[in-house]
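Enquirer: Pasting in a structure now, in structure tokens, and then I'll have a few things to ask.
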Amino acid sequence: MVTRRQFFKSAGITAAATASSVGSVALAGLPEAVQQTRPDTMPPLAPPNGRPYNPVVTLNGWTLPWRMNKGVKEFHLVAEPVVREMCPGFKAHLWGYNGQSPGPTIEVVEGDRVRIFVTNRLPEVTSVHWHGQRLPNGMDGVSGLTQPAIPPGKTYVYEFEARRPGTFMYHPHADEMVQMAMGMMGLWVTHPKAKHPLIDDVDRDFCLLLSSYDIEPGSYTPKVMTMLDFNLWAWNSRVFPGIDPLVVGHRDRVRLRVGNLTMTNHPIHIHGHEFFVTGTDGGPTPRGSRWPEVTVDVAVGQMRQMDFIADEEGDWALHCHKSHHTMNAMGHQVPTMIGVDHREVVKDITKLIPDYMVMGERGMHDMTEMEMALPDNTAPMMSGQGPFGSVGMGGMFSVIKVRKGLKRGDYRDPGWFKHPPGTVAQEVQGPTPPYQDGAATPGNGSLGSMPRTPQGDSDVEVKVRKPGSGSGHRHH
Ligand SMILES: [Cu+2]
């Protein structure tokens, strides 16, 4: 078991100095405001007191330590501006809690009495809504409706009993559009107090929040008015290749808890396994309602809890199945160029813009390996190196690494999977049989957007201009 002090040390967190905006007298008697300075996935926080449970792992996040005060678990959240590294080389100026966005995960046990102090170090009012919880109305955190908004510099306290087990979220209910667009959110897990008929024990328990941002390449602050056209799709305010892998042992029982606080739905897709949806933010699902899936849609404001047995070794992708959501900023300004030969045009353009680059004539995979001059502080659009080259992904993407012989509680990255000989797709040697050109040839009844060139010309040249190319696409 990790002591509180050891946890602080190993997790790289520090007790924040008393805020200048909140007098030390006012804070005397409050639990210390623990702050996290790193964006790494922190080891699970084994409960140092209270009822035991198997703690969760927050991907690229951490769990907030508490103090026990006469049988009440006391937490201290500090709402404040933070600098979040969203992936190596790209930092965002967000708002969050205790040094990070999302805020720390709060973990308690069904039946716990919980007291949460919330200090507001933002330049405007805030509040905290405990999404999904059963609680007294006045603790629900809707500013103006159930409480006055918390003014800047003030500390409010919430107190209630964690009445039912499950995965919940917390977020402001004051100037929500701005504050959630700026990254203010966190996860809350209530573990069952005893063996629960609908909640199975698991070996590894991961949680993440889906969030989205609109940050112009080269800038730091999200555009808060954006409603749909976000350009960064994040898990716990990280984008691939900045999202840590989910390391699990072979045959481990694994749980994924995914909450969605973006403005659109996300079909979360697992490779190589099937999962069952075993819970929502409404609670555990009845066993008779469960069926196997490899993709589950997580709608706006929902949580989905998926259980699976990791019985296939390897490096398995886990990602949002909206392909725009596995790309980072910049992708949406690029016009579709497939089938366009714009070499002549480029000569004219480069007279005006010397750095102009031809992109996407043969698809966009080349962009994953292109050395592009990006503005400072920009996430690569799609990158991430795998053992076989570029993965060509960004945004909501990670890898479940299933390995034999992992010790319980070992979450260190085991490196890339070593495939047994003969189990990797490979190039076919020898001559390929001739291919009969079919309907997609001009003059053959239809006009393909990418007509084949005459046989014998290995360098594909394209002479057809695709109608409508050059107009940027919008996504939603
Ligand atoms: Cu998505």
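Following the order of the structure tokens, first chain is A, next is B, and so on, with residues numbered from 1 inside each chain and ligands from 1 in the order they appear.
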Collect all residues with atoms no farther than 7 Å from ligand 1, counting only C-alpha atoms and all ligand atoms, and output them as a ChimeraX atom specification.
Expert: /A:233,265-267,320-322,325,396
Enquirer: Would you kindly return, as a PyMOL selection string, each protein, DNA or RNA residue with an atom no farther than 7 Å from any atom of A:Asn377, considering only C-alpha atoms and excluding same-chain residues fewer than 2 positions away?
Expert: chain A and resi 89-91+218-219+375+379
Enquirer: List every residue of stretch 36-263 of chain A that DSSP, applied to the backbone of this structure, assigns to strand (DSSP E or B), and report them as a ChimeraX atom specification.
Expert: /A:36,57-58,63,67-69,72-87,90-97,100,105-109,113-120,126,129-131,143,147,150,155-161,166-171,186-191,196,199,204-213,232-235,238,240,246-249,252-260
Enquirer: Write a file of the selected residues as a tab-separated table (two decimals), in the first residue's frame, keeping C-alpha atoms.
Expert:
chain	number	residue	atom	x	y	z
A	36	GLN	CA	-0.43	17.88	-10.11
A	57	VAL	CA	-6.24	4.44	-13.44
A	58	THR	CA	-7.05	7.79	-15.01
A	63	THR	CA	-6.72	10.65	-8.37
A	67	ARG	CA	-8.03	13.47	4.33
A	68	MET	CA	-10.31	11.69	6.75
A	69	ASN	CA	-11.95	14.07	9.22
A	72	VAL	CA	-15.84	12.28	6.48
A	73	LYS	CA	-13.64	12.14	3.35
A	74	GLU	CA	-12.50	15.71	2.68
A	75	PHE	CA	-11.24	16.83	-0.72
A	76	HIS	CA	-10.04	20.21	-1.90
A	77	LEU	CA	-10.58	21.20	-5.53
A	78	VAL	CA	-9.08	24.43	-6.84
A	79	ALA	CA	-10.61	25.83	-10.03
A	80	GLU	CA	-7.83	27.72	-11.81
A	81	PRO	CA	-6.09	28.49	-15.11
A	82	VAL	CA	-3.68	25.68	-16.03
A	83	VAL	CA	-1.15	24.89	-18.73
A	84	ARG	CA	-1.92	21.44	-20.12
A	85	GLU	CA	0.56	19.66	-22.35
A	86	MET	CA	-1.86	18.05	-24.83
A	87	CYS	CA	0.94	16.13	-26.54
A	90	PHE	CA	1.98	21.31	-27.82
A	91	LYS	CA	0.71	23.07	-24.72
A	92	ALA	CA	-2.71	24.62	-24.24
A	93	HIS	CA	-3.75	27.36	-21.86
A	94	LEU	CA	-6.85	25.87	-20.28
A	95	TRP	CA	-8.89	26.18	-17.15
A	96	GLY	CA	-9.01	23.17	-14.89
A	97	TYR	CA	-8.59	21.97	-11.34
A	100	GLN	CA	-4.47	20.06	-14.72
A	105	THR	CA	-10.49	11.88	-10.44
A	106	ILE	CA	-12.39	11.65	-7.17
A	107	GLU	CA	-12.70	8.08	-5.87
A	108	VAL	CA	-14.94	7.14	-2.99
A	109	VAL	CA	-16.96	4.18	-1.75
A	113	ARG	CA	-19.79	10.86	3.54
A	114	VAL	CA	-17.91	13.25	1.28
A	115	ARG	CA	-17.03	16.92	1.82
A	116	ILE	CA	-15.51	18.81	-1.09
A	117	PHE	CA	-14.06	22.28	-0.70
A	118	VAL	CA	-13.99	24.22	-3.97
A	119	THR	CA	-11.73	27.27	-4.17
A	120	ASN	CA	-12.26	29.56	-7.15
A	126	THR	CA	-17.94	29.12	-11.08
A	129	HIS	CA	-22.18	20.13	-10.59
A	130	TRP	CA	-21.81	16.48	-9.57
A	131	HIS	CA	-23.18	14.87	-12.74
A	143	SER	CA	-25.41	28.39	-9.96
A	147	GLN	CA	-26.69	27.92	-4.88
A	150	ILE	CA	-18.80	30.97	-6.24
A	155	THR	CA	-14.17	28.82	-1.25
A	156	TYR	CA	-17.48	26.95	-1.06
A	157	VAL	CA	-18.06	23.55	0.46
A	158	TYR	CA	-20.25	20.71	-0.81
A	159	GLU	CA	-21.21	17.77	1.35
A	160	PHE	CA	-23.25	14.67	0.59
A	161	GLU	CA	-23.29	10.91	0.83
A	166	GLY	CA	-20.88	4.05	-10.52
A	167	THR	CA	-18.95	6.43	-12.72
A	168	PHE	CA	-19.89	10.08	-12.63
A	169	MET	CA	-18.46	13.37	-13.80
A	170	TYR	CA	-18.07	16.83	-12.37
A	171	HIS	CA	-18.08	20.12	-14.22
A	186	GLY	CA	-13.32	15.68	-14.01
A	187	LEU	CA	-14.29	12.09	-13.27
A	188	TRP	CA	-15.86	10.69	-10.13
A	189	VAL	CA	-15.89	6.97	-9.35
A	190	THR	CA	-17.95	5.52	-6.51
A	191	HIS	CA	-16.91	1.94	-5.78
A	196	HIS	CA	-22.55	-6.07	-5.94
A	199	ILE	CA	-20.62	-5.13	-10.71
A	204	ARG	CA	-7.57	-3.19	-14.43
A	205	ASP	CA	-9.93	-0.27	-14.34
A	206	PHE	CA	-9.28	2.68	-16.68
A	207	CYS	CA	-11.23	5.91	-16.97
A	208	LEU	CA	-11.15	8.82	-19.36
A	209	LEU	CA	-13.17	11.87	-20.32
A	210	LEU	CA	-13.80	12.85	-23.93
A	211	SER	CA	-13.17	16.55	-24.50
A	212	SER	CA	-12.73	18.76	-27.54
A	213	TYR	CA	-11.00	22.06	-28.18
A	232	LEU	CA	-8.66	18.84	-31.25
A	233	TRP	CA	-10.41	15.69	-30.06
A	234	ALA	CA	-9.00	14.66	-26.75
A	235	TRP	CA	-9.01	11.97	-24.10
A	238	ARG	CA	-4.51	14.75	-24.43
A	240	PHE	CA	-2.51	11.06	-29.82
A	246	LEU	CA	-3.58	1.05	-21.68
A	247	VAL	CA	-1.27	-1.63	-20.33
A	248	VAL	CA	-3.04	-4.85	-19.34
A	249	GLY	CA	-2.05	-8.42	-18.53
A	252	ASP	CA	-6.97	-9.66	-17.29
A	253	ARG	CA	-10.55	-8.55	-16.72
A	254	VAL	CA	-10.50	-4.95	-17.89
A	255	ARG	CA	-12.95	-2.08	-17.39
A	256	LEU	CA	-13.10	1.12	-19.43
A	257	ARG	CA	-15.14	4.04	-18.12
A	258	VAL	CA	-15.64	6.73	-20.77
A	259	GLY	CA	-17.51	9.98	-20.15
A	260	ASN	CA	-18.39	12.44	-22.89
Enquirer: With only C-alpha atoms as the basis for distance, which of A:Pro217, A:Pro102, A:Pro31, A:Pro284 is at the shortest distance from A:Ala181?
Expert: A:Pro102
Enquirer: What parts of stretch 5-233 of chain A does DSSP call alpha helix (DSSP H)? I'd like the answer as an NGL selection string.
Expert: :A and (5-11 or 24-27 or 176-181)
Enquirer: So which one's closest to A:Pro39, A:Asn236, A:Gly141, A:Leu228, A:Ala162? Using only C-alpha atoms, please.
Expert: A:Asn236
Enquirer: Find the distance between atom CA of A:Ala310 and atom CA of A:Thr423 and write it in Å to one decimal.
Expert: 18.7 Å
Enquirer: May I ask which of the residues A:Gly61, A:Pro414, A:Pro222, A:Pro197 is the closest one to A:Arg38, counting only C-alpha atoms?
Expert: A:Gly61
Enquirer: Counting only C-alpha atoms, which residue out of A:Met42, A:Arg51, A:Asp410, A:Lys70 sits closest to A:Ala194?
Expert: A:Arg51
Enquirer: Atom CA of A:Asp112 and atom CA of A:Gly71 are how many Å apart?
Expert: 8.4 Å
Enquirer: Could you state the separation of atom CA of A:Gly283 and atom CA of A:Asp307 in Å, given to one decimal place?
Expert: 14.1 Å
Enquirer: Using only C-alpha atoms, which residue out of A:Trp316, A:Trp62, A:Phe230, A:Tyr53 lies closest to A:Arg403?
Expert: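 Nearest to A:Arg403: A:Trp316.
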Enquirer: Which one of A:Phe308, A:Phe388, A:Tyr220, A:Trp291 sits closest to A:Phe275 if you count only C-alpha atoms?
Expert: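 Using only C-alpha atoms, the shortest distance to A:Phe275 belongs to A:Phe308.
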